Amino acid sequence: QVKEGEFVALVGANGSGKSTLLRLIAGLLNPSQGEVKIAGHNIQLAEEQKTLHTTLGMVFQYPEDQIVGTTVEEDIAFGLENLGWQPEDMRKRVDEMLTALDLQEQRQRPSHLLSAGQTQRLALAGVLAPDPRLLLFDEATTMLDPRGRKELMARMKQLHQNGITILMVTHHMEEAAQAQRMVVLHRGSIIADDTPQSIFHQISLLRQCGLAAPDFLQLATILQPYIPGLPPNPANLEELLKILKQIPPQHGTLTDKVRGCSPDAKMPAIKVDHLVHIYEGEESQSNTTLRDVSMQVIQNCSHSLLGATGSGKSTLMLNMMGLEKPLEGRIQIGDVIVTDKQTKMQAILKQVGMVFQNPEIQFFEQYAGDEVAYGALMQGLEHEEVVRRVRWAMEIVGLDFEAFKDRLTFSLSGGERRKLALASTLVLQTPVLLLDEPTAGLDPSSRKEIIQHLHHMQQDGRTLLLSTHDLNDVAALTENTTIMDGGKVAFSGSTRQAFWMPDLVNAAGLDIPAAAQAAQVMRNAGWPLPEGIVTISELESCLAARGSEVLHAN
């Protein structure tokens, strides 16, 4: 049960039933048994459908899936028209939504030409137009950059303050921590229903469900032995950092260690020189997405490609795959000149594989096992080798071969589809892997496992280029980083160095990992910590190694 006016987070591992439950509540699925009532109305009854549509609204993980209008204002009006609103009332309500969601200047713009953030706001505007009392969010922040994620969460809070009931599915524990109540699903059953603060301190429960406490609570836990009196339950990272800044200065020997793959140490696996990419936008206007981009990825190293939504990351990767053609510039991967007009796609695919941002667009087969096998079969491998590779790739990403090989691809959860897309690329065993948001939509445990497996693959000689909005993944996996801003390279160098340059990272619309922020605050206060700490485990190890120096911090 969800009471009117509550803000509830629904969490659980991939495949636990979160999205299915949300779709049942929204009336998109019919239950095999039992019933769903919204504001006292049984939504399975045909006569209650109109009441449902005026009471409830839902924002999906991929907002473009629910955009149906040709232009922005037509899409906002679509639901109102279906509900029979009068034209003058519709126009007034559309104007209100355009203003509320900051879309006034986009009123007549084709909906398919919006940025990711604008598309998200348009989806929300269409849902809010009929003035619903209950809003469902199904991992609505997954594909947004940190700035867009914060904006959407701020809008959710404001809607909640205005009396709207919110039920939110999320894999981001920092977001779940902002809800009043947290419901945990495990294998189709509710196993916990309490405040986020209470659930986050039940370590065995979190492990059972593939979850983890938010970073700021994990930091508070490891810092408590060194800072007596530190509150165990800060409300958020900002509160924790504020407390750390008030600690009396400490003294010790400061060391500087910034690691990364040195460009002089190895040959580049990917080399991009002065790349310019232009696409034809609306009204035949040319839009430059890449502006004189030059970068290189060192062989056998892991490299991240960062930037806000629309900065050019995905376009750059598509150019590397030969799926987009630049106006100017040169790309070389291994010994293949990708931008050479004489280069065939088969030659590129022997060097590099790519996991796309939206996994569904790269599926060919009906069954999961066949999907993973597709690329290996196209390589002409013998049956025994194909089966061996398929089993290996599925097990690496956490899909049990026997349990999933005969599952229909469309029946998989969003997180399971992302794992399948990764397996279908890993099976090719190319020397270079391009990964566009490979962990988006995965639960914390699955995300950690994928990063560990990718790390082992890089140690075995693969070159990885990772594009993501989750800088914790970057901190855990990559040695070097390129930051894109407005289609240009704003920085290219050591990941550790980048994360200790807050002005640079923030200007690009990104968030420095919580551990790096805490370490910087403590180092500035005189704690004997090395420069370049970027993960919680690194901070914990440094504190343990220097325990005798910092134990009496107070």
# chains A, B, ... in the order shown; residues from 1 in each chain; ligands from 1
call {"tool": "closest_atom_pairs", "arguments": {"of": "stretch 124-151 of chain A", "to": "stretch 49-53 of chain A", "cutoff": "12 Å", "atoms": "only C-alpha atoms", "output": "JSON lines"}}
result
{"residue": "A:Val127", "atom": "CA", "partner": "A:His53", "partner_atom": "CA", "distance": 9.7}
{"residue": "A:Leu128", "atom": "CA", "partner": "A:His53", "partner_atom": "CA", "distance": 11.1}
{"residue": "A:Ala129", "atom": "CA", "partner": "A:His53", "partner_atom": "CA", "distance": 11.2}
{"residue": "A:Pro130", "atom": "CA", "partner": "A:His53", "partner_atom": "CA", "distance": 8.3}
{"residue": "A:Asp131", "atom": "CA", "partner": "A:His53", "partner_atom": "CA", "distance": 10.0}
{"residue": "A:Pro132", "atom": "CA", "partner": "A:His53", "partner_atom": "CA", "distance": 8.0}
{"residue": "A:Arg133", "atom": "CA", "partner": "A:Leu52", "partner_atom": "CA", "distance": 10.1}
{"residue": "A:Leu134", "atom": "CA", "partner": "A:Leu52", "partner_atom": "CA", "distance": 9.8}
{"residue": "A:Leu135", "atom": "CA", "partner": "A:His53", "partner_atom": "CA", "distance": 11.1}
call {"tool": "write_last_selection", "arguments": {"atoms": "N, CA and C atoms", "output": "mmCIF file, in the first residue's frame"}}
result
data_model
loop_
_atom_site.group_PDB
_atom_site.id
_atom_site.type_symbol
_atom_site.label_atom_id
_atom_site.label_comp_id
_atom_site.auth_asym_id
_atom_site.auth_seq_id
_atom_site.Cartn_x
_atom_site.Cartn_y
_atom_site.Cartn_z
ATOM 1 N N VAL A 127 3.025 13.923 -19.042
ATOM 2 C CA VAL A 127 2.447 13.156 -17.936
ATOM 3 C C VAL A 127 1.742 14.080 -16.939
ATOM 4 N N LEU A 128 2.322 15.256 -16.699
ATOM 5 C CA LEU A 128 1.767 16.181 -15.712
ATOM 6 C C LEU A 128 0.563 16.963 -16.230
ATOM 7 N N ALA A 129 0.413 17.041 -17.545
ATOM 8 C CA ALA A 129 -0.642 17.888 -18.121
ATOM 9 C C ALA A 129 -2.037 17.574 -17.591
ATOM 10 N N PRO A 130 -2.446 16.300 -17.464
ATOM 11 C CA PRO A 130 -3.800 16.024 -16.934
ATOM 12 C C PRO A 130 -3.932 16.217 -15.417
ATOM 13 N N ASP A 131 -2.857 16.690 -14.770
ATOM 14 C CA ASP A 131 -2.862 16.956 -13.329
ATOM 15 C C ASP A 131 -3.090 15.689 -12.502
ATOM 16 N N PRO A 132 -2.218 14.674 -12.645
ATOM 17 C CA PRO A 132 -2.391 13.416 -11.913
ATOM 18 C C PRO A 132 -2.077 13.582 -10.431
ATOM 19 N N ARG A 133 -2.630 12.677 -9.613
ATOM 20 C CA ARG A 133 -2.354 12.688 -8.167
ATOM 21 C C ARG A 133 -1.266 11.688 -7.801
ATOM 22 N N LEU A 134 -0.978 10.760 -8.718
ATOM 23 C CA LEU A 134 0.037 9.723 -8.490
ATOM 24 C C LEU A 134 0.966 9.667 -9.686
ATOM 25 N N LEU A 135 2.299 9.734 -9.419
ATOM 26 C CA LEU A 135 3.296 9.656 -10.484
ATOM 27 C C LEU A 135 4.179 8.432 -10.266
#
call {"tool": "residues_around", "arguments": {"residues": "A:Leu124", "least_positions_apart": "6", "cutoff": "9 Å", "atoms": "only C-alpha atoms", "output": "list in words"}}
result
Gly57, Met58, Val59, Pro63 and Leu101 of chain A
call {"tool": "residues_around", "arguments": {"residues": "A:Thr468", "least_positions_apart": "4", "cutoff": "9 Å", "atoms": "only C-alpha atoms", "output": "list in words"}}
result
Asp145, Ser304, Leu305, Leu306, Gly307, Leu435, Asp436, Glu437, Pro438, Thr439, Ala440, Asp473 and Val474 of chain A
call {"tool": "residues_around", "arguments": {"residues": "A:Lys313", "least_positions_apart": "6", "cutoff": "12 Å", "atoms": "only C-alpha atoms", "output": "JSON, numbers by chain"}}
result
{"A": [277, 289, 290, 291, 293, 304, 305, 306, 307, 319, 320, 356, 357, 434, 435, 436, 437, 465, 466, 467, 468, 469, 482, 483, 484, 485, 486, 487, 488, 489]}
call {"tool": "residues_around", "arguments": {"residues": "A:Leu412", "least_positions_apart": "5", "cutoff": "8 Å", "atoms": "only C-alpha atoms", "output": "CSV table (one decimal) with N, CA, C and O atoms, in the first residue's frame"}}
result
chain,number,residue,atom,x,y,z
A,15,GLY,N,15.7,-7.9,-12.5
A,15,GLY,CA,14.8,-9.1,-12.6
A,15,GLY,C,14.1,-9.4,-11.3
A,15,GLY,O,13.4,-10.4,-11.2
A,407,ARG,N,15.7,-18.0,-23.0
A,407,ARG,CA,14.7,-16.9,-22.7
A,407,ARG,C,14.5,-16.0,-23.9
A,407,ARG,O,15.5,-15.7,-24.6
A,417,ARG,N,18.8,-7.1,-20.3
A,417,ARG,CA,19.0,-6.8,-21.7
A,417,ARG,C,20.4,-6.1,-21.8
A,417,ARG,O,21.1,-6.4,-22.8
call {"tool": "select_by_dssp", "arguments": {"residues": "stretch 195-431 of chain A", "states": "strand (DSSP E)", "output": "ChimeraX atom specification"}}
result
/A:268-280,286-298,302-306,328-333,336-337,352-355
call {"tool": "residues_around", "arguments": {"residues": "stretch 449-453 of chain A", "least_positions_apart": "3", "cutoff": "7 Å", "atoms": "only C-alpha atoms", "output": "list in words"}}
result
Ile396, Val397, Ser445, Ser446, His456, Met457, Asp473 and Leu477 of chain A
call {"tool": "residues_around", "arguments": {"residues": "stretch 383-388 of chain A", "least_positions_apart": "5", "cutoff": "8 Å", "atoms": "only C-alpha atoms", "output": "list in words"}}
result
Ala373, Ala376 and Leu377 of chain A
call {"tool": "decode", "arguments": {"residues": "stretch 45-75 of chain A", "atoms": "N, CA, C and O atoms", "output": "PDB file, in the first residue's frame"}}
result
ATOM      1  N   LEU A  45     -11.253  -2.908 -14.228  1.00  0.00           N
ATOM      2  CA  LEU A  45     -12.604  -2.693 -14.749  1.00  0.00           C
ATOM      3  C   LEU A  45     -12.575  -1.625 -15.843  1.00  0.00           C
ATOM      4  O   LEU A  45     -12.007  -0.546 -15.654  1.00  0.00           O
ATOM      5  N   ALA A  46     -13.186  -1.952 -16.979  1.00  0.00           N
ATOM      6  CA  ALA A  46     -13.142  -1.051 -18.133  1.00  0.00           C
ATOM      7  C   ALA A  46     -13.719   0.324 -17.804  1.00  0.00           C
ATOM      8  O   ALA A  46     -13.211   1.357 -18.271  1.00  0.00           O
ATOM      9  N   GLU A  47     -14.771   0.358 -16.979  1.00  0.00           N
ATOM     10  CA  GLU A  47     -15.421   1.634 -16.669  1.00  0.00           C
ATOM     11  C   GLU A  47     -14.544   2.541 -15.787  1.00  0.00           C
ATOM     12  O   GLU A  47     -14.853   3.723 -15.612  1.00  0.00           O
ATOM     13  N   GLU A  48     -13.461   1.966 -15.217  1.00  0.00           N
ATOM     14  CA  GLU A  48     -12.588   2.758 -14.344  1.00  0.00           C
ATOM     15  C   GLU A  48     -11.363   3.302 -15.092  1.00  0.00           C
ATOM     16  O   GLU A  48     -10.530   3.998 -14.515  1.00  0.00           O
ATOM     17  N   GLN A  49     -11.233   2.964 -16.388  1.00  0.00           N
ATOM     18  CA  GLN A  49     -10.020   3.323 -17.118  1.00  0.00           C
ATOM     19  C   GLN A  49      -9.812   4.834 -17.214  1.00  0.00           C
ATOM     20  O   GLN A  49      -8.704   5.325 -17.048  1.00  0.00           O
ATOM     21  N   LYS A  50     -10.873   5.576 -17.489  1.00  0.00           N
ATOM     22  CA  LYS A  50     -10.693   7.024 -17.623  1.00  0.00           C
ATOM     23  C   LYS A  50     -10.266   7.639 -16.293  1.00  0.00           C
ATOM     24  O   LYS A  50      -9.427   8.537 -16.254  1.00  0.00           O
ATOM     25  N   THR A  51     -10.849   7.144 -15.200  1.00  0.00           N
ATOM     26  CA  THR A  51     -10.446   7.620 -13.876  1.00  0.00           C
ATOM     27  C   THR A  51      -8.961   7.348 -13.649  1.00  0.00           C
ATOM     28  O   THR A  51      -8.228   8.192 -13.124  1.00  0.00           O
ATOM     29  N   LEU A  52      -8.506   6.164 -14.084  1.00  0.00           N
ATOM     30  CA  LEU A  52      -7.086   5.811 -13.939  1.00  0.00           C
ATOM     31  C   LEU A  52      -6.207   6.800 -14.683  1.00  0.00           C
ATOM     32  O   LEU A  52      -5.210   7.296 -14.138  1.00  0.00           O
ATOM     33  N   HIS A  53      -6.564   7.127 -15.917  1.00  0.00           N
ATOM     34  CA  HIS A  53      -5.715   7.983 -16.739  1.00  0.00           C
ATOM     35  C   HIS A  53      -5.661   9.422 -16.243  1.00  0.00           C
ATOM     36  O   HIS A  53      -4.715  10.151 -16.552  1.00  0.00           O
ATOM     37  N   THR A  54      -6.659   9.854 -15.520  1.00  0.00           N
ATOM     38  CA  THR A  54      -6.638  11.208 -14.967  1.00  0.00           C
ATOM     39  C   THR A  54      -6.031  11.237 -13.563  1.00  0.00           C
ATOM     40  O   THR A  54      -5.737  12.315 -13.038  1.00  0.00           O
ATOM     41  N   THR A  55      -5.862  10.079 -12.968  1.00  0.00           N
ATOM     42  CA  THR A  55      -5.320  10.000 -11.605  1.00  0.00           C
ATOM     43  C   THR A  55      -3.835   9.698 -11.595  1.00  0.00           C
ATOM     44  O   THR A  55      -3.098  10.147 -10.721  1.00  0.00           O
ATOM     45  N   LEU A  56      -3.372   8.940 -12.603  1.00  0.00           N
ATOM     46  CA  LEU A  56      -2.018   8.386 -12.581  1.00  0.00           C
ATOM     47  C   LEU A  56      -1.254   8.780 -13.841  1.00  0.00           C
ATOM     48  O   LEU A  56      -1.805   8.838 -14.935  1.00  0.00           O
ATOM     49  N   GLY A  57       0.042   9.023 -13.669  1.00  0.00           N
ATOM     50  CA  GLY A  57       0.940   9.262 -14.802  1.00  0.00           C
ATOM     51  C   GLY A  57       2.231   8.494 -14.601  1.00  0.00           C
ATOM     52  O   GLY A  57       2.643   8.247 -13.465  1.00  0.00           O
ATOM     53  N   MET A  58       2.889   8.105 -15.710  1.00  0.00           N
ATOM     54  CA  MET A  58       4.097   7.288 -15.614  1.00  0.00           C
ATOM     55  C   MET A  58       5.166   7.813 -16.553  1.00  0.00           C
ATOM     56  O   MET A  58       4.904   8.110 -17.722  1.00  0.00           O
ATOM     57  N   VAL A  59       6.404   7.911 -16.026  1.00  0.00           N
ATOM     58  CA  VAL A  59       7.568   8.319 -16.815  1.00  0.00           C
ATOM     59  C   VAL A  59       8.483   7.103 -16.946  1.00  0.00           C
ATOM     60  O   VAL A  59       8.910   6.522 -15.950  1.00  0.00           O
ATOM     61  N   PHE A  60       8.789   6.725 -18.188  1.00  0.00           N
ATOM     62  CA  PHE A  60       9.544   5.513 -18.444  1.00  0.00           C
ATOM     63  C   PHE A  60      11.053   5.766 -18.405  1.00  0.00           C
ATOM     64  O   PHE A  60      11.528   6.903 -18.439  1.00  0.00           O
ATOM     65  N   GLN A  61      11.809   4.642 -18.389  1.00  0.00           N
ATOM     66  CA  GLN A  61      13.270   4.721 -18.362  1.00  0.00           C
ATOM     67  C   GLN A  61      13.799   5.425 -19.603  1.00  0.00           C
ATOM     68  O   GLN A  61      14.724   6.217 -19.528  1.00  0.00           O
ATOM     69  N   TYR A  62      13.230   5.105 -20.763  1.00  0.00           N
ATOM     70  CA  TYR A  62      13.622   5.754 -22.012  1.00  0.00           C
ATOM     71  C   TYR A  62      12.485   6.686 -22.424  1.00  0.00           C
ATOM     72  O   TYR A  62      11.498   6.251 -23.022  1.00  0.00           O
ATOM     73  N   PRO A  63      12.575   7.973 -22.100  1.00  0.00           N
ATOM     74  CA  PRO A  63      11.447   8.894 -22.321  1.00  0.00           C
ATOM     75  C   PRO A  63      11.017   8.994 -23.777  1.00  0.00           C
ATOM     76  O   PRO A  63       9.847   9.263 -24.057  1.00  0.00           O
ATOM     77  N   GLU A  64      11.960   8.755 -24.720  1.00  0.00           N
ATOM     78  CA  GLU A  64      11.579   8.851 -26.129  1.00  0.00           C
ATOM     79  C   GLU A  64      10.527   7.806 -26.503  1.00  0.00           C
ATOM     80  O   GLU A  64       9.803   7.972 -27.494  1.00  0.00           O
ATOM     81  N   ASP A  65      10.433   6.738 -25.700  1.00  0.00           N
ATOM     82  CA  ASP A  65       9.430   5.703 -25.973  1.00  0.00           C
ATOM     83  C   ASP A  65       8.006   6.197 -25.773  1.00  0.00           C
ATOM     84  O   ASP A  65       7.061   5.569 -26.261  1.00  0.00           O
ATOM     85  N   GLN A  66       7.819   7.299 -25.035  1.00  0.00           N
ATOM     86  CA  GLN A  66       6.462   7.774 -24.770  1.00  0.00           C
ATOM     87  C   GLN A  66       6.177   9.114 -25.437  1.00  0.00           C
ATOM     88  O   GLN A  66       5.155   9.738 -25.164  1.00  0.00           O
ATOM     89  N   ILE A  67       7.072   9.546 -26.326  1.00  0.00           N
ATOM     90  CA  ILE A  67       6.849  10.775 -27.086  1.00  0.00           C
ATOM     91  C   ILE A  67       6.132  10.404 -28.382  1.00  0.00           C
ATOM     92  O   ILE A  67       6.649   9.627 -29.189  1.00  0.00           O
ATOM     93  N   VAL A  68       4.934  10.951 -28.596  1.00  0.00           N
ATOM     94  CA  VAL A  68       4.141  10.587 -29.773  1.00  0.00           C
ATOM     95  C   VAL A  68       3.822  11.784 -30.659  1.00  0.00           C
ATOM     96  O   VAL A  68       3.479  11.608 -31.836  1.00  0.00           O
ATOM     97  N   GLY A  69       3.909  13.004 -30.127  1.00  0.00           N
ATOM     98  CA  GLY A  69       3.579  14.192 -30.910  1.00  0.00           C
ATOM     99  C   GLY A  69       4.709  14.590 -31.843  1.00  0.00           C
ATOM    100  O   GLY A  69       5.887  14.404 -31.536  1.00  0.00           O
ATOM    101  N   THR A  70       4.366  15.168 -32.977  1.00  0.00           N
ATOM    102  CA  THR A  70       5.373  15.608 -33.943  1.00  0.00           C
ATOM    103  C   THR A  70       6.187  16.766 -33.395  1.00  0.00           C
ATOM    104  O   THR A  70       7.400  16.832 -33.585  1.00  0.00           O
ATOM    105  N   THR A  71       5.522  17.696 -32.721  1.00  0.00           N
ATOM    106  CA  THR A  71       6.213  18.831 -32.106  1.00  0.00           C
ATOM    107  C   THR A  71       6.033  18.768 -30.596  1.00  0.00           C
ATOM    108  O   THR A  71       5.218  17.996 -30.077  1.00  0.00           O
ATOM    109  N   VAL A  72       6.752  19.627 -29.901  1.00  0.00           N
ATOM    110  CA  VAL A  72       6.711  19.636 -28.440  1.00  0.00           C
ATOM    111  C   VAL A  72       5.308  19.928 -27.928  1.00  0.00           C
ATOM    112  O   VAL A  72       4.771  19.207 -27.079  1.00  0.00           O
ATOM    113  N   GLU A  73       4.677  20.991 -28.432  1.00  0.00           N
ATOM    114  CA  GLU A  73       3.356  21.342 -27.903  1.00  0.00           C
ATOM    115  C   GLU A  73       2.303  20.295 -28.280  1.00  0.00           C
ATOM    116  O   GLU A  73       1.373  20.038 -27.506  1.00  0.00           O
ATOM    117  N   GLU A  74       2.453  19.651 -29.443  1.00  0.00           N
ATOM    118  CA  GLU A  74       1.500  18.608 -29.820  1.00  0.00           C
ATOM    119  C   GLU A  74       1.616  17.397 -28.895  1.00  0.00           C
ATOM    120  O   GLU A  74       0.608  16.762 -28.566  1.00  0.00           O
ATOM    121  N   ASP A  75       2.826  17.094 -28.469  1.00  0.00           N
ATOM    122  CA  ASP A  75       2.998  15.941 -27.589  1.00  0.00           C
ATOM    123  C   ASP A  75       2.388  16.216 -26.215  1.00  0.00           C
ATOM    124  O   ASP A  75       1.765  15.329 -25.622  1.00  0.00           O
TER     125      ASP A  75
END
